[in-house]
$ cat query_35.cif   # mmCIF, C-alpha atoms
data_work
loop_
_atom_site.label_atom_id
_atom_site.label_comp_id
_atom_site.auth_asym_id
_atom_site.auth_seq_id
_atom_site.Cartn_x
_atom_site.Cartn_y
_atom_site.Cartn_z
CA MET G 1 -29.90 -35.70 34.48
CA SER G 2 -30.45 -39.42 33.93
CA TYR G 3 -30.30 -41.82 36.89
CA SER G 4 -27.45 -43.81 35.33
CA CYS G 5 -25.36 -40.67 35.03
CA TYR G 6 -24.75 -40.57 38.77
CA THR G 7 -25.12 -44.26 39.67
CA ILE G 8 -23.24 -46.31 37.05
CA SER G 9 -19.46 -46.46 37.21
CA PRO G 10 -17.27 -46.54 34.10
CA ALA G 11 -16.89 -49.91 32.42
CA LYS G 12 -13.58 -51.75 32.44
CA SER G 13 -11.76 -51.88 29.13
CA ASP G 14 -8.43 -53.26 27.96
CA TYR G 15 -8.60 -51.44 24.62
CA VAL G 16 -5.29 -50.05 23.39
CA PRO G 17 -5.91 -46.76 21.53
CA ILE G 18 -4.27 -46.38 18.14
CA GLY G 19 -4.26 -42.56 18.08
CA THR G 20 -1.79 -40.17 19.66
CA ILE G 21 -1.89 -37.48 22.33
CA GLU G 22 -0.95 -34.06 20.98
CA LYS G 23 -0.54 -30.74 22.74
CA PHE G 24 -2.77 -27.97 21.46
CA ASN G 25 -1.32 -25.10 23.54
CA ASP G 26 -1.85 -26.30 27.14
CA LEU G 27 -4.54 -28.84 26.23
CA ASP G 28 -3.99 -32.56 25.66
CA VAL G 29 -5.92 -33.75 22.61
CA TYR G 30 -6.28 -37.37 21.52
CA VAL G 31 -6.04 -37.43 17.73
CA SER G 32 -7.08 -40.38 15.61
CA LYS G 33 -6.48 -40.31 11.86
CA PRO G 34 -7.74 -42.44 8.97
CA LYS G 35 -5.27 -45.19 8.14
CA GLY G 36 -2.80 -44.00 5.57
CA GLU G 37 -4.09 -40.44 5.79
CA SER G 38 -1.48 -37.72 5.43
CA LYS G 39 -1.89 -34.00 5.84
CA PRO G 40 -4.02 -32.18 4.88
CA SER G 41 -7.37 -33.65 5.95
CA LYS G 42 -10.37 -31.48 5.10
CA LYS G 43 -12.97 -33.21 7.29
CA ALA G 44 -12.56 -33.24 11.06
CA ILE G 45 -14.76 -34.36 13.94
CA LEU G 46 -14.38 -32.96 17.43
CA VAL G 47 -15.56 -35.32 20.18
CA CYS G 48 -16.45 -34.30 23.74
CA HIS G 49 -16.19 -37.00 26.41
CA ASP G 50 -18.62 -37.66 29.23
CA VAL G 51 -17.97 -37.16 32.97
CA PHE G 52 -15.32 -39.90 33.00
CA GLY G 53 -13.02 -37.99 30.66
CA TYR G 54 -10.35 -39.90 28.74
CA HIS G 55 -11.92 -43.36 29.02
CA PRO G 56 -10.66 -46.11 26.64
CA ASN G 57 -14.17 -46.57 25.20
CA THR G 58 -14.30 -42.94 24.12
CA LYS G 59 -10.91 -43.22 22.45
CA GLN G 60 -12.05 -46.42 20.75
CA PHE G 61 -15.14 -44.58 19.50
CA CYS G 62 -12.81 -41.97 17.99
CA ASP G 63 -10.73 -44.69 16.33
CA LEU G 64 -13.85 -46.29 14.84
CA LEU G 65 -15.02 -42.92 13.53
CA ALA G 66 -11.60 -42.20 12.03
CA LYS G 67 -11.89 -45.39 9.98
CA ALA G 68 -14.73 -43.68 8.12
CA GLY G 69 -12.24 -41.14 6.78
CA TYR G 70 -12.24 -38.31 9.31
CA ILE G 71 -9.53 -36.87 11.48
CA VAL G 72 -11.00 -37.10 14.98
CA ALA G 73 -9.95 -34.93 17.92
CA LEU G 74 -10.86 -35.64 21.56
CA PRO G 75 -9.79 -32.76 23.85
CA ASP G 76 -9.15 -33.54 27.51
CA TYR G 77 -11.51 -30.86 28.74
CA PHE G 78 -11.18 -32.05 32.35
CA ARG G 79 -7.37 -31.82 32.14
CA GLY G 80 -6.70 -35.23 33.62
CA LYS G 81 -9.54 -35.32 36.13
CA THR G 82 -12.50 -37.69 36.22
CA ALA G 83 -15.77 -37.82 38.13
CA GLN G 84 -16.33 -40.17 41.07
CA VAL G 85 -19.93 -41.24 40.65
CA GLN G 86 -21.24 -43.96 42.94
CA SER G 87 -19.36 -42.84 46.03
CA GLN G 88 -20.51 -39.22 45.88
CA GLY G 89 -23.98 -39.01 44.29
CA LEU G 90 -25.79 -36.44 42.18
CA GLN G 91 -24.82 -33.21 43.93
CA ALA G 92 -21.13 -34.09 43.90
CA LEU G 93 -21.33 -34.91 40.19
CA VAL G 94 -23.00 -31.58 39.42
CA LYS G 95 -20.33 -29.80 41.49
CA PHE G 96 -17.56 -31.63 39.61
CA VAL G 97 -18.99 -30.64 36.22
CA LEU G 98 -19.47 -27.00 37.21
CA GLU G 99 -15.90 -26.78 38.51
CA ASN G 100 -14.19 -28.68 35.69
CA PHE G 101 -16.35 -27.85 32.67
CA PRO G 102 -16.82 -24.05 32.86
CA ALA G 103 -18.64 -22.79 29.79
CA GLU G 104 -16.24 -19.99 28.82
CA LEU G 105 -13.10 -22.12 29.14
CA VAL G 106 -14.66 -25.05 27.29
CA MET G 107 -15.79 -22.81 24.44
CA ASN G 108 -12.33 -21.27 24.18
CA ASP G 109 -10.72 -24.73 24.22
CA THR G 110 -13.05 -25.87 21.45
CA LEU G 111 -12.38 -22.90 19.20
CA ASN G 112 -8.63 -23.29 19.76
CA VAL G 113 -8.83 -26.95 18.74
CA ILE G 114 -10.62 -25.91 15.53
CA LYS G 115 -7.89 -23.38 14.78
CA HIS G 116 -5.19 -25.99 15.38
CA LEU G 117 -6.88 -28.58 13.17
CA SER G 118 -7.21 -25.96 10.45
CA SER G 119 -3.61 -24.76 10.61
CA GLU G 120 -1.85 -28.09 11.29
CA TYR G 121 -4.06 -30.53 9.36
CA GLY G 122 -5.74 -28.36 6.75
CA ALA G 123 -9.21 -29.18 8.08
CA GLU G 124 -11.98 -27.09 6.53
CA ASN G 125 -15.24 -28.79 7.55
CA PHE G 126 -16.06 -29.65 11.16
CA GLY G 127 -18.53 -31.94 12.85
CA PHE G 128 -19.14 -32.48 16.57
CA VAL G 129 -20.02 -35.51 18.71
CA GLY G 130 -20.93 -35.06 22.36
CA PHE G 131 -21.68 -37.60 25.07
CA CYS G 132 -23.57 -36.66 28.26
CA THR G 133 -22.11 -33.26 29.29
CA GLY G 134 -20.65 -33.13 25.78
CA GLY G 135 -24.19 -33.22 24.45
CA VAL G 136 -24.95 -30.09 26.47
CA LEU G 137 -21.90 -28.46 24.90
CA GLY G 138 -23.15 -29.53 21.47
CA SER G 139 -26.46 -27.77 22.09
CA LYS G 140 -24.45 -24.54 22.20
CA LEU G 141 -21.87 -25.32 19.53
CA CYS G 142 -24.59 -25.87 16.93
CA ALA G 143 -24.98 -22.08 17.00
CA VAL G 144 -21.31 -21.64 16.06
CA LYS G 145 -20.97 -21.41 12.31
CA ASP G 146 -17.66 -23.32 12.34
CA PHE G 147 -19.67 -26.53 12.77
CA ASP G 148 -21.58 -28.11 9.90
CA ALA G 149 -23.26 -30.89 11.89
CA CYS G 150 -23.59 -31.96 15.53
CA VAL G 151 -24.45 -35.39 16.96
CA LEU G 152 -25.64 -35.55 20.58
CA ILE G 153 -25.46 -39.04 22.11
CA HIS G 154 -27.19 -39.95 25.41
CA TYR G 155 -26.97 -36.26 26.19
CA GLY G 156 -27.26 -34.40 29.47
CA PRO G 157 -30.08 -31.91 30.23
CA LEU G 158 -30.88 -29.85 27.13
CA GLN G 159 -32.95 -26.70 26.57
CA ALA G 160 -35.03 -26.14 23.44
CA GLU G 161 -34.12 -22.44 23.29
CA ASN G 162 -30.50 -23.32 22.48
CA PHE G 163 -31.60 -25.03 19.28
CA GLU G 164 -33.52 -21.97 18.16
CA LYS G 165 -30.05 -20.48 17.56
CA SER G 166 -28.68 -23.50 15.69
CA GLN G 167 -26.94 -22.88 12.38
CA CYS G 168 -26.45 -26.51 11.39
CA PRO G 169 -28.26 -29.86 11.36
CA VAL G 170 -28.35 -31.82 14.63
CA ALA G 171 -28.78 -35.55 15.25
CA PHE G 172 -30.17 -36.75 18.59
CA LEU G 173 -29.35 -40.29 19.77
CA PRO G 174 -30.81 -40.67 23.26
CA SER G 175 -30.82 -43.80 25.38
CA ARG G 176 -34.03 -45.01 27.02
CA GLU G 177 -33.40 -42.63 29.94
CA ASP G 178 -32.76 -39.37 28.13
CA GLN G 179 -35.05 -36.47 27.22
CA ASP G 180 -37.46 -36.69 24.31
CA PRO G 181 -35.64 -34.93 21.46
CA GLN G 182 -38.82 -33.87 19.64
CA PRO G 183 -39.06 -30.43 21.33
CA PHE G 184 -35.47 -29.74 20.24
CA VAL G 185 -36.23 -30.82 16.69
CA ASP G 186 -39.38 -28.67 16.74
CA ALA G 187 -37.29 -25.66 17.82
CA MET G 188 -35.50 -25.95 14.46
CA LYS G 189 -38.57 -26.60 12.30
CA ASP G 190 -38.27 -23.30 10.45
CA LYS G 191 -34.54 -23.62 9.78
CA PRO G 192 -33.43 -24.15 6.16
CA PHE G 193 -31.84 -27.44 7.30
CA ALA G 194 -34.93 -28.67 9.20
CA GLU G 195 -35.31 -31.79 7.06
CA LYS G 196 -31.69 -32.74 7.72
CA ASN G 197 -32.18 -33.08 11.49
CA PHE G 198 -32.33 -36.63 12.79
CA GLN G 199 -33.44 -38.54 15.87
CA LYS G 200 -33.31 -42.15 16.99
CA ARG G 201 -33.87 -43.46 20.50
CA PHE G 202 -31.90 -46.51 21.65
CA SER G 203 -34.72 -47.74 23.84
CA ASP G 204 -32.91 -50.89 24.97
CA MET G 205 -29.73 -49.10 26.07
CA ASP G 206 -28.79 -47.32 29.29
CA HIS G 207 -27.37 -43.82 29.40
CA GLY G 208 -23.66 -43.99 28.65
CA PHE G 209 -23.66 -47.17 26.55
CA ALA G 210 -21.74 -45.63 23.63
CA ALA G 211 -19.05 -44.14 25.83
CA SER G 212 -17.49 -44.86 29.22
CA ARG G 213 -20.38 -46.74 30.86
CA GLY G 214 -20.84 -49.31 28.10
CA ASN G 215 -19.58 -52.86 28.51
CA TRP G 216 -18.38 -53.23 24.94
CA ASN G 217 -17.61 -56.90 25.53
CA ASP G 218 -21.37 -57.38 25.52
CA SER G 219 -22.24 -58.23 21.91
CA LEU G 220 -25.59 -56.38 21.95
CA ILE G 221 -24.08 -53.19 23.34
CA PHE G 222 -21.21 -53.27 20.86
CA GLU G 223 -23.71 -53.86 18.05
CA LYS G 224 -25.54 -50.69 19.12
CA VAL G 225 -22.25 -48.78 19.32
CA ASN G 226 -21.51 -49.74 15.74
CA GLU G 227 -24.99 -48.59 14.76
CA VAL G 228 -24.21 -45.23 16.36
CA ILE G 229 -20.97 -45.06 14.36
CA GLU G 230 -22.90 -45.81 11.16
CA ILE G 231 -25.43 -43.07 11.92
CA CYS G 232 -22.65 -40.58 12.69
CA THR G 233 -20.81 -41.48 9.50
CA LYS G 234 -23.88 -41.03 7.29
CA PHE G 235 -24.90 -37.83 9.07
CA PHE G 236 -21.45 -36.29 8.64
CA ASN G 237 -21.11 -37.50 5.06
CA ASP G 238 -24.42 -35.84 4.26
CA ASN G 239 -23.77 -32.59 6.11
CA LEU G 240 -20.11 -31.72 6.47
CA GLY G 241 -19.66 -28.64 4.34
CA TYR G 242 -23.21 -27.43 5.04
CA ASN G 243 -22.07 -23.96 6.14
CA SER G 244 -19.78 -23.71 3.11
CA TYR G 245 -22.63 -23.89 0.63
#
$ encode --input "query_35.cif" --output "structure tokens"
Amino acid sequence: MSYSCYTISPAKSDYVPIGTIEKFNDLDVYVSKPKGESKPSKKAILVCHDVFGYHPNTKQFCDLLAKAGYIVALPDYFRGKTAQVQSQGLQALVKFVLENFPAELVMNDTLNVIKHLSSEYGAENFGFVGFCTGGVLGSKLCAVKDFDACVLIHYGPLQAENFEKSQCPVAFLPSREDQDPQPFVDAMKDKPFAEKNFQKRFSDMDHGFAASRGNWNDSLIFEKVNEVIEICTKFFNDNLGYNSY
């Protein structure tokens, strides 16, 4: 786990989200739609937040991604809770994640969101974006055939063996603190989509810059966030529908 993950507090933001909160069964989901888009929408992106949950930056990221033409869904996996980083340290953060991000529940939540987007919005092709702990989730979701492409941004601790099971292309966008993605790319070298995988390190950015820890009032950081959005947009444009071919 990167040092920033348990030492840097969430950034302050006065952003006013333009999406809406919807109930998918018992789960709150922030939904951002392309302007003027009406049902149905065939392309959907599911976003998983970092340890600070429903932070305004993460919702703004969803709104920016929706402008590219996707319906974007951000489930509140923590169900209203958020980590307390600086005051409690690494062990407390790990404990919080284990208690509030249990693998079986999170997987069930994710699959239920997919079903809802399919039935209510007509979505057929799904992509995934994960920040920090969401990146760890993405390393498992890439093995679920519902997803056509996964983007992991300043991800938490990953294991190469998870990518040996991947059934879709994966993009890795680490900060300067995060693991080298090459072993994960190598784990997929014999996959039919091997050439579609992508990696780019943001070597001048701290862990969390594109989500809750980024001061988006800083022009350089916001420039890098927009670069991430551009990479996500191209990656999804190129790969959504991959598992339908």
$ residues_around --input "query_35.cif" --residues "G:Ser32" --least-positions-apart "4" --cutoff "8 Å" --atoms "all atoms listed in the file" --output "PDB file with C-alpha atoms, in the coordinates of the input"
ATOM      1  CA  ILE G  18      -4.270 -46.380  18.140  1.00  0.00           C
ATOM      2  CA  GLY G  19      -4.260 -42.560  18.080  1.00  0.00           C
ATOM      3  CA  THR G  20      -1.790 -40.170  19.660  1.00  0.00           C
ATOM      4  CA  CYS G  62     -12.810 -41.970  17.990  1.00  0.00           C
ATOM      5  CA  ASP G  63     -10.730 -44.690  16.330  1.00  0.00           C
ATOM      6  CA  ALA G  66     -11.600 -42.200  12.030  1.00  0.00           C
ATOM      7  CA  ILE G  71      -9.530 -36.870  11.480  1.00  0.00           C
ATOM      8  CA  VAL G  72     -11.000 -37.100  14.980  1.00  0.00           C
ATOM      9  CA  ALA G  73      -9.950 -34.930  17.920  1.00  0.00           C
TER      10      ALA G  73
END
$ closest_atom_pairs --input "query_35.cif" --of "stretch 74-162 of chain G" --to "stretch 38-54 of chain G" --cutoff "10 Å" --atoms "only C-alpha atoms" --output "Markdown table"
| residue | atom | partner | partner_atom | distance |
| --- | --- | --- | --- | --- |
| G:Leu74 | CA | G:Val47 | CA | 4.9 |
| G:Pro75 | CA | G:Cys48 | CA | 6.8 |
| G:Asp76 | CA | G:Tyr54 | CA | 6.6 |
| G:Tyr77 | CA | G:Gly53 | CA | 7.5 |
| G:Phe78 | CA | G:Gly53 | CA | 6.4 |
| G:Arg79 | CA | G:Gly53 | CA | 8.5 |
| G:Gly80 | CA | G:Gly53 | CA | 7.5 |
| G:Lys81 | CA | G:Gly53 | CA | 7.0 |
| G:Thr82 | CA | G:Phe52 | CA | 4.8 |
| G:Ala83 | CA | G:Phe52 | CA | 5.6 |
| G:Gln84 | CA | G:Phe52 | CA | 8.1 |
| G:Val85 | CA | G:Val51 | CA | 8.9 |
| G:Leu93 | CA | G:Val51 | CA | 8.3 |
| G:Val94 | CA | G:Val51 | CA | 9.9 |
| G:Phe96 | CA | G:Val51 | CA | 8.7 |
| G:Val97 | CA | G:Val51 | CA | 7.4 |
| G:Asn100 | CA | G:Val51 | CA | 9.7 |
| G:Phe101 | CA | G:Val51 | CA | 9.5 |
| G:Thr110 | CA | G:Leu46 | CA | 8.3 |
| G:Val113 | CA | G:Leu46 | CA | 8.3 |
| G:Ile114 | CA | G:Leu46 | CA | 8.2 |
| G:Leu117 | CA | G:Ala44 | CA | 7.6 |
| G:Ser118 | CA | G:Lys42 | CA | 8.3 |
| G:Ser119 | CA | G:Pro40 | CA | 9.4 |
| G:Glu120 | CA | G:Pro40 | CA | 7.9 |
| G:Tyr121 | CA | G:Pro40 | CA | 4.8 |
| G:Gly122 | CA | G:Pro40 | CA | 4.6 |
| G:Ala123 | CA | G:Lys42 | CA | 3.9 |
| G:Glu124 | CA | G:Lys42 | CA | 4.9 |
| G:Asn125 | CA | G:Lys43 | CA | 5.0 |
| G:Phe126 | CA | G:Ala44 | CA | 5.0 |
| G:Gly127 | CA | G:Ile45 | CA | 4.6 |
| G:Phe128 | CA | G:Leu46 | CA | 4.9 |
| G:Val129 | CA | G:Val47 | CA | 4.7 |
| G:Gly130 | CA | G:Cys48 | CA | 4.7 |
| G:Phe131 | CA | G:Asp50 | CA | 5.2 |
| G:Cys132 | CA | G:Asp50 | CA | 5.1 |
| G:Thr133 | CA | G:Asp50 | CA | 5.6 |
| G:Gly134 | CA | G:Cys48 | CA | 4.8 |
| G:Gly135 | CA | G:Cys48 | CA | 7.8 |
| G:Val136 | CA | G:Cys48 | CA | 9.9 |
| G:Leu137 | CA | G:Cys48 | CA | 8.1 |
| G:Gly138 | CA | G:Cys48 | CA | 8.5 |
| G:Phe147 | CA | G:Ile45 | CA | 9.3 |
| G:Ala149 | CA | G:Ile45 | CA | 9.4 |
| G:Cys150 | CA | G:Ile45 | CA | 9.3 |
| G:Val151 | CA | G:Val47 | CA | 9.5 |
| G:Leu152 | CA | G:Cys48 | CA | 9.8 |
| G:Ile153 | CA | G:Asp50 | CA | 10.0 |
| G:His154 | CA | G:Asp50 | CA | 9.7 |
| G:Tyr155 | CA | G:Asp50 | CA | 9.0 |
| G:Gly156 | CA | G:Asp50 | CA | 9.2 |
$ residues_around --input "query_35.cif" --residues "stretch 218-228 of chain G" --least-positions-apart "4" --cutoff "12 Å" --atoms "all atoms listed in the file" --output "PyMOL selection string"
chain G and resi 11-13+57-58+60-65+68+129+131+151-154+171-175+199-214+232-235
$ closest_residue --input "query_35.cif" --among "G:Asn217, G:Ile229, G:Phe163, G:Arg176" --to "G:Lys191" --atoms "all atoms listed in the file"
G:Phe163
$ atom_distance --input "query_35.cif" --atom1 "atom CA of G:His116" --atom2 "atom CA of G:Gln167"
22.2 Å
$ atom_distance --input "query_35.cif" --atom1 "atom CA of G:Gly36" --atom2 "atom CA of G:Tyr70"
11.6 Å
$ resolve_selection --input "query_35.cif" --expression "the PyMOL selection byres ((chain G and resi 164) around 12)" --output "list in words"
Ser139, Lys140, Cys142, Ala143, Gln159, Ala160, Glu161, Asn162, Phe163, Lys165, Ser166, Gln167, Cys168, Pro169, Val170, Pro183, Phe184, Val185, Asp186, Ala187, Met188, Lys189, Asp190, Lys191 and Ala194 of chain G
$ closest_residue --input "query_35.cif" --among "G:Asn243, G:Asp28, G:Phe198, G:Val106" --to "G:Ile231" --atoms "only C-alpha atoms"
G:Phe198
